[in-house]
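Undergrad: Sharing a structure here in structure tokens format.
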Amino acid sequence: MKPQRENWSTKLGVVLAVAGSAVGLGNFLRFPAKVTLNGGGAFMIPYFVALLLLGIPLMWTEWALGRFGGAHGHGTAPGILHKVTRRPYASFFGIFALVGPFLILTYYTYIESWTLAYAWFAFSGQLLEDATQDGMKKFLAVYQGITSGESPGLSSAYIFFVITFIINMTIVHRGIQGGIEKFNKIAMPLLVLLATFLMIRVLSLGTPDPSQPELSINNALGFIWNADLNALSSAKVWLEAAGQVFFTLGVGIGVILTYASYTKKDDDVVLSGLVASSTNEFCEVILGGSIVIPAAFVFFGAAGAVAIAEGGLFNMSFVSMPLIFAKLPFGSFFCGLWFLLLFVAAVTSVVSLLQPGIAFLCDELKLSRGKAVSIIGLILFICCQPLIFFIGRGVIDEIDFWGGTFFLVIFALIEVVAFMWVFGGERAWNEINRGAYIKLPRVFYVILKYVTPVYILILLVSWSWQQLGPVLRMEGVPEENKIYLWGVRVFVVALLVVACALIARMNRRMPPLGEDYET
Ligand code: PFF
């Protein structure tokens, strides 16, 4: 008899959880920066093309594969690939979907803790005491332990990190229904409410400085949304747009596989996947696109907004946004809401990233949830330490390159090929459409089978050609930081080796092919 796996208590619960995984810092920080830096409205053309041909098809692939795996007692890529391909060695291709989420977690958790800390500092009024560009930069540098000063330093950062860590672990420890589902049912409406409130506040700014009438909200929206069509001829813009779609939907990393594995055998996946994706797009394009950049534009002008986006994601949210709020009545309050929004968005993503590791230990190595959560928590806690103490050495970018970019694209290709080609196109099509509230138009069969894999392949080749070399050679990295980046690479390889060993162990425990293989 198969051991009883957990499941979601309602359909709304799983849709909100997948949407919660998708809506995160990527929507409110990464997206506006990418739009601004890549031709404004023109960026949206490759963005929507990638959403239609990559993001949503991959979303359906993961939902269907996850539901299929769950029905066979497997909630993570190694077990699912073993089942769908009926080839034991195929499970090793699942390493990217075990190691990837873990790598993202190491930095995402730490940044998540900054948002909680900054919400606290904002509500308490400390943050906006010296609301100048230099003052805010110094506040962040002192907080990160890069320089010393009077404001809260690394010890505060560490305390907030521990609090955040405990919150995340408590949610996943309570399980799918009692933890993740319950939390998302409160967090998602709260998040939309907070973001809508902030968007309305920003859109009602009008022309804050009457002596500069050109710096108005109208012009700000034009600045973002008017298309610079020249940008369309740049391969980089297409790559960036596809990268954003992968990251924001959280596809290609195995997280949705795991969430979907807790659905029931005949639950709908088509409409659910579509609703989760649409919720993410609403939060990204409408809400995410209408807070940071228009606010930066009306206070700092077009050149200033671009400079802010070029200064990096951290600058944008942790330096510029407080400065903007400081110019408004009740600034500390709005600033606190901004960081609270980021925190809620980050928690719902972090718990989704934790679940594949936990599911692997429970499903494949038969550990109890409590044990699995403790093991993953302990290893993650240890792995976050170097990041906290070597933050200024470029380690976050290096981990993000492997875990948050490269592995996503590789695993997306693996899963779509395994499903549409090895499992078989028609079988996969039936699997997706089983129990569906709306039947997928047949054109998506062609997209899933041919367009999506070829699109990913082209991305992979052109992207490796443009970016892999310089990254591997560490071009532009200061000499003294290289050793730290090598440390990250050794760490990534070590994780891959450990994942391989665990998968080999899983394979030894799998029933022989032929038994238990009904589809
Ligand atoms: N989609 C999240 C964001 O936009 O911030 C990040 C993320 C979550 C990436 C889950 C990958 C993932 F599996």
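Order determines the names: the first chain of the structure tokens is A, the second B, and so forth; residues in each chain are numbered 1 upward, and ligands are numbered 1 upward as they are shown.
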Any residue with an atom at most 7 Å from ligand 1 counts, using only C-alpha atoms and all ligand atoms. Which are they? Put them as a list of chain:residue names.

TA: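 Selection of residues at most 7 Å from ligand 1: A:Ser21, A:Ala22, A:Val23, A:Gly24, A:Leu25, A:Gly26, A:Asn27, A:Pro101, A:Phe247, A:Thr248, A:Leu249, A:Gly250, A:Val251, A:Ile253, A:Gly254, A:Val255, A:Ala346, A:Ser349, A:Val350, A:Ser352, A:Leu353, A:Gly404.
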
Undergrad: Which polymer residues have any atom within 10 Å of an atom of stretch 461-464 of chain A, counting only C-alpha atoms, with same-chain residues fewer than 2 positions away left out, as a list of chain:residue names?

TA: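 My list of contacting residues is A:Ala235, A:Lys236, A:Leu239, A:Glu240, A:Phe406, A:Ile456, A:Leu457, A:Ile458, A:Leu459, A:Gln466, A:Gln467, A:Leu468, A:Gly469, A:Pro470, A:Val471.
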
Undergrad: What would the file look like if the residues just selected were written as a PDB file, in the first residue's frame with N, CA, C and O atoms?

TA:
ATOM      1  N   ALA A 235      19.386  40.996 -28.961  1.00  0.00           N
ATOM      2  CA  ALA A 235      19.212  39.638 -28.420  1.00  0.00           C
ATOM      3  C   ALA A 235      19.142  39.681 -26.901  1.00  0.00           C
ATOM      4  O   ALA A 235      18.412  38.920 -26.270  1.00  0.00           O
ATOM      5  N   LYS A 236      19.901  40.632 -26.340  1.00  0.00           N
ATOM      6  CA  LYS A 236      19.953  40.725 -24.877  1.00  0.00           C
ATOM      7  C   LYS A 236      18.554  40.973 -24.293  1.00  0.00           C
ATOM      8  O   LYS A 236      18.180  40.393 -23.271  1.00  0.00           O
ATOM      9  N   LEU A 239      16.606  37.818 -24.227  1.00  0.00           N
ATOM     10  CA  LEU A 239      17.104  36.924 -23.172  1.00  0.00           C
ATOM     11  C   LEU A 239      16.651  37.400 -21.801  1.00  0.00           C
ATOM     12  O   LEU A 239      16.203  36.612 -20.960  1.00  0.00           O
ATOM     13  N   GLU A 240      16.751  38.694 -21.599  1.00  0.00           N
ATOM     14  CA  GLU A 240      16.364  39.255 -20.292  1.00  0.00           C
ATOM     15  C   GLU A 240      14.876  39.034 -20.044  1.00  0.00           C
ATOM     16  O   GLU A 240      14.457  38.728 -18.933  1.00  0.00           O
ATOM     17  N   PHE A 406      20.777  29.780 -14.561  1.00  0.00           N
ATOM     18  CA  PHE A 406      21.258  28.691 -15.412  1.00  0.00           C
ATOM     19  C   PHE A 406      20.456  27.400 -15.203  1.00  0.00           C
ATOM     20  O   PHE A 406      19.957  26.797 -16.161  1.00  0.00           O
ATOM     21  N   ILE A 456      13.631  27.251 -25.857  1.00  0.00           N
ATOM     22  CA  ILE A 456      14.569  27.139 -24.723  1.00  0.00           C
ATOM     23  C   ILE A 456      15.975  26.830 -25.230  1.00  0.00           C
ATOM     24  O   ILE A 456      16.970  27.385 -24.746  1.00  0.00           O
ATOM     25  N   LEU A 457      16.032  25.965 -26.237  1.00  0.00           N
ATOM     26  CA  LEU A 457      17.339  25.594 -26.783  1.00  0.00           C
ATOM     27  C   LEU A 457      18.043  26.812 -27.370  1.00  0.00           C
ATOM     28  O   LEU A 457      19.239  27.030 -27.139  1.00  0.00           O
ATOM     29  N   ILE A 458      17.284  27.611 -28.116  1.00  0.00           N
ATOM     30  CA  ILE A 458      17.876  28.825 -28.715  1.00  0.00           C
ATOM     31  C   ILE A 458      18.358  29.758 -27.602  1.00  0.00           C
ATOM     32  O   ILE A 458      19.459  30.308 -27.660  1.00  0.00           O
ATOM     33  N   LEU A 459      17.519  29.895 -26.569  1.00  0.00           N
ATOM     34  CA  LEU A 459      17.906  30.762 -25.447  1.00  0.00           C
ATOM     35  C   LEU A 459      19.206  30.284 -24.821  1.00  0.00           C
ATOM     36  O   LEU A 459      20.121  31.058 -24.550  1.00  0.00           O
ATOM     37  N   GLN A 466      26.785  34.305 -25.205  1.00  0.00           N
ATOM     38  CA  GLN A 466      26.995  35.707 -24.801  1.00  0.00           C
ATOM     39  C   GLN A 466      27.533  35.850 -23.385  1.00  0.00           C
ATOM     40  O   GLN A 466      28.318  36.728 -23.098  1.00  0.00           O
ATOM     41  N   GLN A 467      27.012  35.020 -22.468  1.00  0.00           N
ATOM     42  CA  GLN A 467      27.275  35.316 -21.057  1.00  0.00           C
ATOM     43  C   GLN A 467      28.105  34.289 -20.306  1.00  0.00           C
ATOM     44  O   GLN A 467      28.747  34.616 -19.318  1.00  0.00           O
ATOM     45  N   LEU A 468      28.052  33.032 -20.756  1.00  0.00           N
ATOM     46  CA  LEU A 468      28.697  31.997 -19.958  1.00  0.00           C
ATOM     47  C   LEU A 468      30.213  32.224 -19.849  1.00  0.00           C
ATOM     48  O   LEU A 468      30.784  32.139 -18.763  1.00  0.00           O
ATOM     49  N   GLY A 469      30.830  32.546 -21.001  1.00  0.00           N
ATOM     50  CA  GLY A 469      32.276  32.748 -21.022  1.00  0.00           C
ATOM     51  C   GLY A 469      32.719  33.818 -20.024  1.00  0.00           C
ATOM     52  O   GLY A 469      33.512  33.545 -19.113  1.00  0.00           O
ATOM     53  N   PRO A 470      32.193  35.044 -20.173  1.00  0.00           N
ATOM     54  CA  PRO A 470      32.615  36.108 -19.245  1.00  0.00           C
ATOM     55  C   PRO A 470      32.362  35.748 -17.777  1.00  0.00           C
ATOM     56  O   PRO A 470      33.189  36.040 -16.920  1.00  0.00           O
ATOM     57  N   VAL A 471      31.240  35.063 -17.517  1.00  0.00           N
ATOM     58  CA  VAL A 471      30.969  34.716 -16.110  1.00  0.00           C
ATOM     59  C   VAL A 471      31.969  33.681 -15.636  1.00  0.00           C
ATOM     60  O   VAL A 471      32.553  33.808 -14.555  1.00  0.00           O
TER      61      VAL A 471
END

Undergrad: Write out as a list in words each polymer residue whose atoms come within 7 Å of A:Tyr143, counting only C-alpha atoms; drop sequence neighbours fewer than 2 positions from it.

TA: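 So, after excluding close chain neighbours, the residues are Phe139, Leu140, Ala141, Gly145, Pro152, Gly153, Leu154 and Ala157 of chain A.
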
Undergrad: Would you please work out which residue, of A:Met136, A:Tyr89, A:Asp268, A:Glu214, is nearest to A:Leu440 when using only C-alpha atoms?

TA: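 Smallest separation from A:Leu440 among the options: A:Asp268.
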
Undergrad: Neighbours of A:Phe297 within 10 Å (only C-alpha atoms; same-chain residues fewer than 2 positions away dropped), as a JSON list (two decimals) with all heavy atoms, in the first residue's frame?

TA:
[["chain", "number", "residue", "atom", "x", "y", "z"],
["A", 215, "LEU", "N", 7.81, 66.48, -14.63],
["A", 215, "LEU", "CA", 7.94, 65.29, -13.78],
["A", 215, "LEU", "C", 6.58, 64.94, -13.17],
["A", 215, "LEU", "O", 6.34, 65.10, -11.97],
["A", 215, "LEU", "CB", 8.98, 65.52, -12.68],
["A", 215, "LEU", "CG", 10.41, 65.79, -13.17],
["A", 215, "LEU", "CD1", 11.37, 65.83, -11.99],
["A", 215, "LEU", "CD2", 10.86, 64.75, -14.17],
["A", 216, "SER", "N", 5.68, 64.48, -14.04],
["A", 216, "SER", "CA", 4.34, 64.15, -13.57],
["A", 216, "SER", "C", 4.11, 62.63, -13.71],
["A", 216, "SER", "O", 4.85, 61.95, -14.43],
["A", 216, "SER", "CB", 3.30, 64.87, -14.44],
["A", 216, "SER", "OG", 3.37, 64.32, -15.75],
["A", 217, "ILE", "N", 3.08, 62.17, -13.03],
["A", 217, "ILE", "CA", 2.77, 60.74, -13.10],
["A", 217, "ILE", "C", 2.42, 60.33, -14.53],
["A", 217, "ILE", "O", 2.82, 59.27, -15.00],
["A", 217, "ILE", "CB", 1.63, 60.41, -12.12],
["A", 217, "ILE", "CG1", 2.22, 60.22, -10.73],
["A", 217, "ILE", "CG2", 0.87, 59.16, -12.51],
["A", 217, "ILE", "CD1", 3.14, 59.00, -10.57],
["A", 219, "ASN", "N", 3.61, 61.55, -17.33],
["A", 219, "ASN", "CA", 4.85, 61.35, -18.08],
["A", 219, "ASN", "C", 5.60, 60.13, -17.57],
["A", 219, "ASN", "O", 6.30, 59.46, -18.34],
["A", 219, "ASN", "CB", 5.74, 62.59, -17.97],
["A", 219, "ASN", "CG", 5.17, 63.75, -18.75],
["A", 219, "ASN", "OD1", 4.27, 63.53, -19.57],
["A", 219, "ASN", "ND2", 5.65, 64.95, -18.50],
["A", 220, "ALA", "N", 5.47, 59.86, -16.29],
["A", 220, "ALA", "CA", 6.16, 58.69, -15.72],
["A", 220, "ALA", "C", 5.65, 57.42, -16.37],
["A", 220, "ALA", "O", 6.42, 56.54, -16.76],
["A", 220, "ALA", "CB", 5.94, 58.62, -14.21],
["A", 221, "LEU", "N", 4.32, 57.34, -16.52],
["A", 221, "LEU", "CA", 3.75, 56.14, -17.13],
["A", 221, "LEU", "C", 4.16, 56.05, -18.60],
["A", 221, "LEU", "O", 4.46, 54.98, -19.11],
["A", 221, "LEU", "CB", 2.23, 56.11, -16.96],
["A", 221, "LEU", "CG", 1.78, 55.95, -15.50],
["A", 221, "LEU", "CD1", 0.27, 56.04, -15.37],
["A", 221, "LEU", "CD2", 2.28, 54.64, -14.91],
["A", 223, "PHE", "N", 6.92, 57.18, -19.78],
["A", 223, "PHE", "CA", 8.35, 56.82, -19.76],
["A", 223, "PHE", "C", 8.51, 55.29, -19.70],
["A", 223, "PHE", "O", 9.35, 54.70, -20.37],
["A", 223, "PHE", "CB", 9.01, 57.50, -18.56],
["A", 223, "PHE", "CG", 10.30, 56.90, -18.12],
["A", 223, "PHE", "CD1", 11.45, 57.01, -18.91],
["A", 223, "PHE", "CD2", 10.40, 56.23, -16.90],
["A", 223, "PHE", "CE1", 12.64, 56.46, -18.48],
["A", 223, "PHE", "CE2", 11.59, 55.68, -16.48],
["A", 223, "PHE", "CZ", 12.72, 55.79, -17.28],
["A", 224, "ILE", "N", 7.67, 54.64, -18.89],
["A", 224, "ILE", "CA", 7.81, 53.19, -18.79],
["A", 224, "ILE", "C", 7.17, 52.49, -19.99],
["A", 224, "ILE", "O", 7.72, 51.55, -20.54],
["A", 224, "ILE", "CB", 7.12, 52.62, -17.53],
["A", 224, "ILE", "CG1", 7.55, 53.38, -16.30],
["A", 224, "ILE", "CG2", 7.46, 51.15, -17.34],
["A", 224, "ILE", "CD1", 6.73, 53.01, -15.09],
["A", 292, "VAL", "N", 7.45, 51.35, -8.08],
["A", 292, "VAL", "CA", 8.83, 51.85, -7.94],
["A", 292, "VAL", "C", 9.21, 52.88, -9.00],
["A", 292, "VAL", "O", 9.66, 53.98, -8.68],
["A", 292, "VAL", "CB", 9.82, 50.66, -8.00],
["A", 292, "VAL", "CG1", 11.25, 51.16, -7.91],
["A", 292, "VAL", "CG2", 9.54, 49.70, -6.88],
["A", 293, "ILE", "N", 9.01, 52.51, -10.28],
["A", 293, "ILE", "CA", 9.53, 53.38, -11.33],
["A", 293, "ILE", "C", 8.77, 54.71, -11.43],
["A", 293, "ILE", "O", 9.40, 55.78, -11.47],
["A", 293, "ILE", "CB", 9.58, 52.64, -12.69],
["A", 293, "ILE", "CG1", 10.47, 51.41, -12.57],
["A", 293, "ILE", "CG2", 10.08, 53.55, -13.80],
["A", 293, "ILE", "CD1", 11.92, 51.69, -12.27],
["A", 294, "PRO", "N", 7.43, 54.70, -11.44],
["A", 294, "PRO", "CA", 6.75, 56.02, -11.49],
["A", 294, "PRO", "C", 7.14, 56.88, -10.29],
["A", 294, "PRO", "O", 7.36, 58.09, -10.45],
["A", 294, "PRO", "CB", 5.27, 55.68, -11.43],
["A", 294, "PRO", "CG", 5.15, 54.24, -11.74],
["A", 294, "PRO", "CD", 6.46, 53.59, -11.47],
["A", 295, "ALA", "N", 7.28, 56.26, -9.13],
["A", 295, "ALA", "CA", 7.66, 57.05, -7.94],
["A", 295, "ALA", "C", 9.05, 57.64, -8.14],
["A", 295, "ALA", "O", 9.29, 58.82, -7.85],
["A", 295, "ALA", "CB", 7.63, 56.16, -6.70],
["A", 299, "PHE", "N", 10.15, 61.96, -8.72],
["A", 299, "PHE", "CA", 11.04, 62.65, -7.78],
["A", 299, "PHE", "C", 12.46, 62.85, -8.32],
["A", 299, "PHE", "O", 13.13, 63.80, -7.97],
["A", 299, "PHE", "CB", 11.09, 61.90, -6.45],
["A", 299, "PHE", "CG", 9.85, 62.10, -5.63],
["A", 299, "PHE", "CD1", 8.94, 61.07, -5.43],
["A", 299, "PHE", "CD2", 9.55, 63.34, -5.07],
["A", 299, "PHE", "CE1", 7.78, 61.26, -4.69],
["A", 299, "PHE", "CE2", 8.40, 63.55, -4.33],
["A", 299, "PHE", "CZ", 7.50, 62.51, -4.14],
["A", 300, "PHE", "N", 12.91, 61.93, -9.17],
["A", 300, "PHE", "CA", 14.30, 62.02, -9.63],
["A", 300, "PHE", "C", 14.45, 62.25, -11.13],
["A", 300, "PHE", "O", 15.57, 62.36, -11.64],
["A", 300, "PHE", "CB", 15.08, 60.75, -9.25],
["A", 300, "PHE", "CG", 15.09, 60.48, -7.77],
["A", 300, "PHE", "CD1", 14.51, 59.33, -7.25],
["A", 300, "PHE", "CD2", 15.68, 61.38, -6.89],
["A", 300, "PHE", "CE1", 14.52, 59.07, -5.89],
["A", 300, "PHE", "CE2", 15.68, 61.14, -5.52],
["A", 300, "PHE", "CZ", 15.10, 59.98, -5.02],
["A", 301, "GLY", "N", 13.33, 62.24, -11.89],
["A", 301, "GLY", "CA", 13.41, 62.43, -13.34],
["A", 301, "GLY", "C", 13.81, 61.14, -14.05],
["A", 301, "GLY", "O", 14.18, 60.15, -13.41],
["A", 302, "ALA", "N", 13.71, 61.20, -15.43],
["A", 302, "ALA", "CA", 13.96, 59.98, -16.22],
["A", 302, "ALA", "C", 15.38, 59.47, -16.01],
["A", 302, "ALA", "O", 15.60, 58.29, -15.73],
["A", 302, "ALA", "CB", 13.72, 60.28, -17.69],
["A", 303, "ALA", "N", 16.36, 60.38, -16.11],
["A", 303, "ALA", "CA", 17.75, 59.95, -15.99],
["A", 303, "ALA", "C", 17.98, 59.38, -14.59],
["A", 303, "ALA", "O", 18.67, 58.37, -14.41],
["A", 303, "ALA", "CB", 18.69, 61.12, -16.24],
["A", 304, "GLY", "N", 17.37, 60.02, -13.60],
["A", 304, "GLY", "CA", 17.53, 59.56, -12.22],
["A", 304, "GLY", "C", 16.94, 58.16, -12.04],
["A", 304, "GLY", "O", 17.56, 57.31, -11.39],
["A", 305, "ALA", "N", 15.76, 57.93, -12.65],
["A", 305, "ALA", "CA", 15.13, 56.61, -12.51],
["A", 305, "ALA", "C", 16.00, 55.53, -13.14],
["A", 305, "ALA", "O", 16.18, 54.45, -12.57],
["A", 305, "ALA", "CB", 13.74, 56.62, -13.15],
["A", 306, "VAL", "N", 16.57, 55.84, -14.33],
["A", 306, "VAL", "CA", 17.43, 54.85, -14.98],
["A", 306, "VAL", "C", 18.67, 54.60, -14.12],
["A", 306, "VAL", "O", 19.09, 53.45, -13.91],
["A", 306, "VAL", "CB", 17.82, 55.31, -16.40],
["A", 306, "VAL", "CG1", 18.85, 54.37, -17.00],
["A", 306, "VAL", "CG2", 16.59, 55.38, -17.29],
["A", 308, "ILE", "N", 18.90, 54.82, -10.98],
["A", 308, "ILE", "CA", 18.52, 54.00, -9.83],
["A", 308, "ILE", "C", 18.45, 52.53, -10.23],
["A", 308, "ILE", "O", 18.98, 51.65, -9.55],
["A", 308, "ILE", "CB", 17.16, 54.46, -9.27],
["A", 308, "ILE", "CG1", 17.31, 55.82, -8.60],
["A", 308, "ILE", "CG2", 16.60, 53.45, -8.27],
["A", 308, "ILE", "CD1", 15.98, 56.46, -8.26]]

Undergrad: At a cut-off of 9 Å, can you tabulate as a Markdown table every residue of stretch 146-182 of chain A near stretch 368-381 of chain A together with its closest atom pair and the distance in Å to one decimal, using only C-alpha atoms and ordering rows by chain then number?

TA:
| residue | atom | partner | partner_atom | distance |
| --- | --- | --- | --- | --- |
| A:Val162 | CA | A:Phe381 | CA | 8.9 |
| A:Phe165 | CA | A:Phe381 | CA | 8.1 |
| A:Met169 | CA | A:Gly377 | CA | 7.0 |
| A:Val172 | CA | A:Val373 | CA | 7.3 |
| A:His173 | CA | A:Val373 | CA | 6.2 |
| A:Arg174 | CA | A:Arg369 | CA | 8.9 |
| A:Gly175 | CA | A:Arg369 | CA | 7.7 |

Undergrad: Convert the current residue selection to file output with N, CA and C atoms, as a PDB file, in the first residue's frame.

TA:
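File written: part_6.pdb
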ATOM      1  N   VAL A 162      17.528  35.448  11.929  1.00  0.00           N
ATOM      2  CA  VAL A 162      17.071  34.298  12.738  1.00  0.00           C
ATOM      3  C   VAL A 162      15.545  34.326  12.890  1.00  0.00           C
ATOM      4  N   PHE A 165      14.010  33.270   9.671  1.00  0.00           N
ATOM      5  CA  PHE A 165      14.246  31.845   9.468  1.00  0.00           C
ATOM      6  C   PHE A 165      13.226  31.021  10.266  1.00  0.00           C
ATOM      7  N   MET A 169      10.390  28.428   8.780  1.00  0.00           N
ATOM      8  CA  MET A 169      10.426  27.016   9.176  1.00  0.00           C
ATOM      9  C   MET A 169       9.134  26.607   9.889  1.00  0.00           C
ATOM     10  N   VAL A 172       6.496  25.877   7.164  1.00  0.00           N
ATOM     11  CA  VAL A 172       6.621  24.583   6.460  1.00  0.00           C
ATOM     12  C   VAL A 172       6.479  23.403   7.422  1.00  0.00           C
ATOM     13  N   HIS A 173       6.863  23.613   8.666  1.00  0.00           N
ATOM     14  CA  HIS A 173       6.735  22.523   9.640  1.00  0.00           C
ATOM     15  C   HIS A 173       5.267  22.148   9.838  1.00  0.00           C
ATOM     16  N   ARG A 174       4.400  23.136   9.704  1.00  0.00           N
ATOM     17  CA  ARG A 174       2.965  22.848   9.896  1.00  0.00           C
ATOM     18  C   ARG A 174       2.355  22.109   8.710  1.00  0.00           C
ATOM     19  N   GLY A 175       3.115  21.951   7.668  1.00  0.00           N
ATOM     20  CA  GLY A 175       2.661  21.101   6.571  1.00  0.00           C
ATOM     21  C   GLY A 175       1.914  21.851   5.483  1.00  0.00           C
TER      22      GLY A 175
END

Undergrad: Provide the atom CA of A:Arg86 to atom CA of A:Tyr259 distance in Å, to one decimal place.

TA: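 Rounded to one decimal, the two atoms are 22.3 Å apart.
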
Undergrad: Give me the residues within 12 Å of A:Asn507 as a list in words, counting only C-alpha atoms and dropping any in the same chain fewer than 4 places off.

TA: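 Once the nearby chain positions are removed, what remains is Pro78, Gly79, Ile80, Leu81, His82, Lys83, Arg86, Arg87, Pro88, Tyr89, Ala90, Ser91, Phe92, Glu364, Leu365, Cys500, Ala501, Leu502, Ile503, Pro511, Pro512 and Leu513 of chain A.
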
Undergrad: Any idea what's packed within 8 Å of A:Leu271, counting only C-alpha atoms, ignoring anything in its chain fewer than 4 positions away? Could you give it as a PDB file with N, CA and C atoms, in the first residue's frame?

TA:
ATOM      1  N   VAL A 275      -4.825  30.497 -13.888  1.00  0.00           N
ATOM      2  CA  VAL A 275      -5.214  31.499 -12.875  1.00  0.00           C
ATOM      3  C   VAL A 275      -3.993  31.897 -12.044  1.00  0.00           C
ATOM      4  N   ALA A 436      -9.745  18.743 -16.744  1.00  0.00           N
ATOM      5  CA  ALA A 436      -9.622  20.197 -16.965  1.00  0.00           C
ATOM      6  C   ALA A 436     -10.991  20.874 -17.039  1.00  0.00           C
ATOM      7  N   TYR A 437     -11.104  22.021 -16.418  1.00  0.00           N
ATOM      8  CA  TYR A 437     -12.337  22.801 -16.506  1.00  0.00           C
ATOM      9  C   TYR A 437     -12.482  23.425 -17.890  1.00  0.00           C
ATOM     10  N   ILE A 438     -11.337  23.756 -18.503  1.00  0.00           N
ATOM     11  CA  ILE A 438     -11.397  24.237 -19.892  1.00  0.00           C
ATOM     12  C   ILE A 438     -10.415  23.389 -20.689  1.00  0.00           C
TER      13      ILE A 438
END

Undergrad: Quick one: pull the distance between atom CA of A:Ala241 and atom CA of A:Leu460, Å, one decimal.

TA: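 Interatomic distance, atom CA of A:Ala241 to atom CA of A:Leu460: 13.5 Å.
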
Undergrad: List the spatial neighbours of stretch 472-485 of chain A as a list in words - criterion: any atom at most 12 Å away, only C-alpha atoms, same-chain residues fewer than 6 positions off excluded.

TA: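 Surrounding residues, per the criterion: Pro386, Leu387, Phe389, Phe390, Ile391, Gly392, Arg393, Gly394, Val395, Ile396, Asp397, Glu398, Ile399, Asp400, Phe401, Trp402, Ser464, Trp465, Gln466, Phe491 and Val492 of chain A.
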
Undergrad: Convert the current residue selection to file output with C-alpha atoms, as a tab-separated table (two decimals), in the first residue's frame.

TA:
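What landed in result.tsv:
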chain	number	residue	atom	x	y	z
A	386	PRO	CA	29.03	32.71	4.48
A	387	LEU	CA	26.55	34.87	2.59
A	389	PHE	CA	29.45	37.56	6.41
A	390	PHE	CA	30.83	37.92	2.85
A	391	ILE	CA	27.99	39.95	1.40
A	392	GLY	CA	30.29	42.56	-0.15
A	393	ARG	CA	32.21	39.95	-2.19
A	394	GLY	CA	29.70	39.33	-4.98
A	395	VAL	CA	28.65	35.91	-3.69
A	396	ILE	CA	24.91	36.62	-4.11
A	397	ASP	CA	25.28	37.37	-7.83
A	398	GLU	CA	27.32	34.23	-8.35
A	399	ILE	CA	24.77	31.99	-6.60
A	400	ASP	CA	21.93	33.69	-8.47
A	401	PHE	CA	23.69	33.05	-11.77
A	402	TRP	CA	23.78	29.28	-11.18
A	464	SER	CA	25.78	30.59	-23.15
A	465	TRP	CA	27.51	32.17	-26.10
A	466	GLN	CA	27.00	35.71	-24.80
A	491	PHE	CA	29.77	24.78	-2.90
A	492	VAL	CA	27.50	24.35	-5.96

Undergrad: Select, from A:Gln385, A:Gln4, A:Ser124, A:Asn38, the residue with the minimum atom-to-atom distance to A:Phe333, counting only C-alpha atoms.

TA: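 For A:Phe333, the nearest of the candidates is A:Ser124.
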
Undergrad: What is the atom CA of A:Val417 to atom CA of A:Asn7 distance in Å?

TA: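 If I compute the distance from atom CA of A:Val417 to atom CA of A:Asn7, I get 27.4 Å.
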
Undergrad: Which residue gives the smallest distance to A:Met188 among A:Ser290, A:Thr10, A:Thr76, A:Asn280, with only C-alpha atoms counted?

TA: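 So, comparing all the options, the nearest one is A:Asn280.
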
Undergrad: Please return as a PyMOL selection string: the residues of stretch 236-469 of chain A that backbone DSSP assigns to alpha helix (DSSP H).

TA: chain A and resi 236-249+255-260+270-281+292-310+313-314+321-326+331-363+369-389+395-401+407-417+425-433+443-446+452-463+469

Undergrad: My list of candidates is A:Phe419, A:Arg509, A:Cys384, A:Ala195. Which is closest to A:Val488 when distances are computed with only C-alpha atoms?

TA: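 So, comparing all the options, the nearest one is A:Cys384.
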
Undergrad: When you count only C-alpha atoms, which of these residues is closest to A:Asp363: A:Trp421, A:Tyr262, A:Trp486, A:Trp8?

TA: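 Residue with the minimum atom-to-atom distance to A:Asp363: A:Tyr262.
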
Undergrad: May I ask which of the residues A:Phe246, A:Val490, A:Gly424, A:Ser332 is the closest one to A:Phe48, counting only C-alpha atoms?

TA: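 Closest candidate: A:Phe246.
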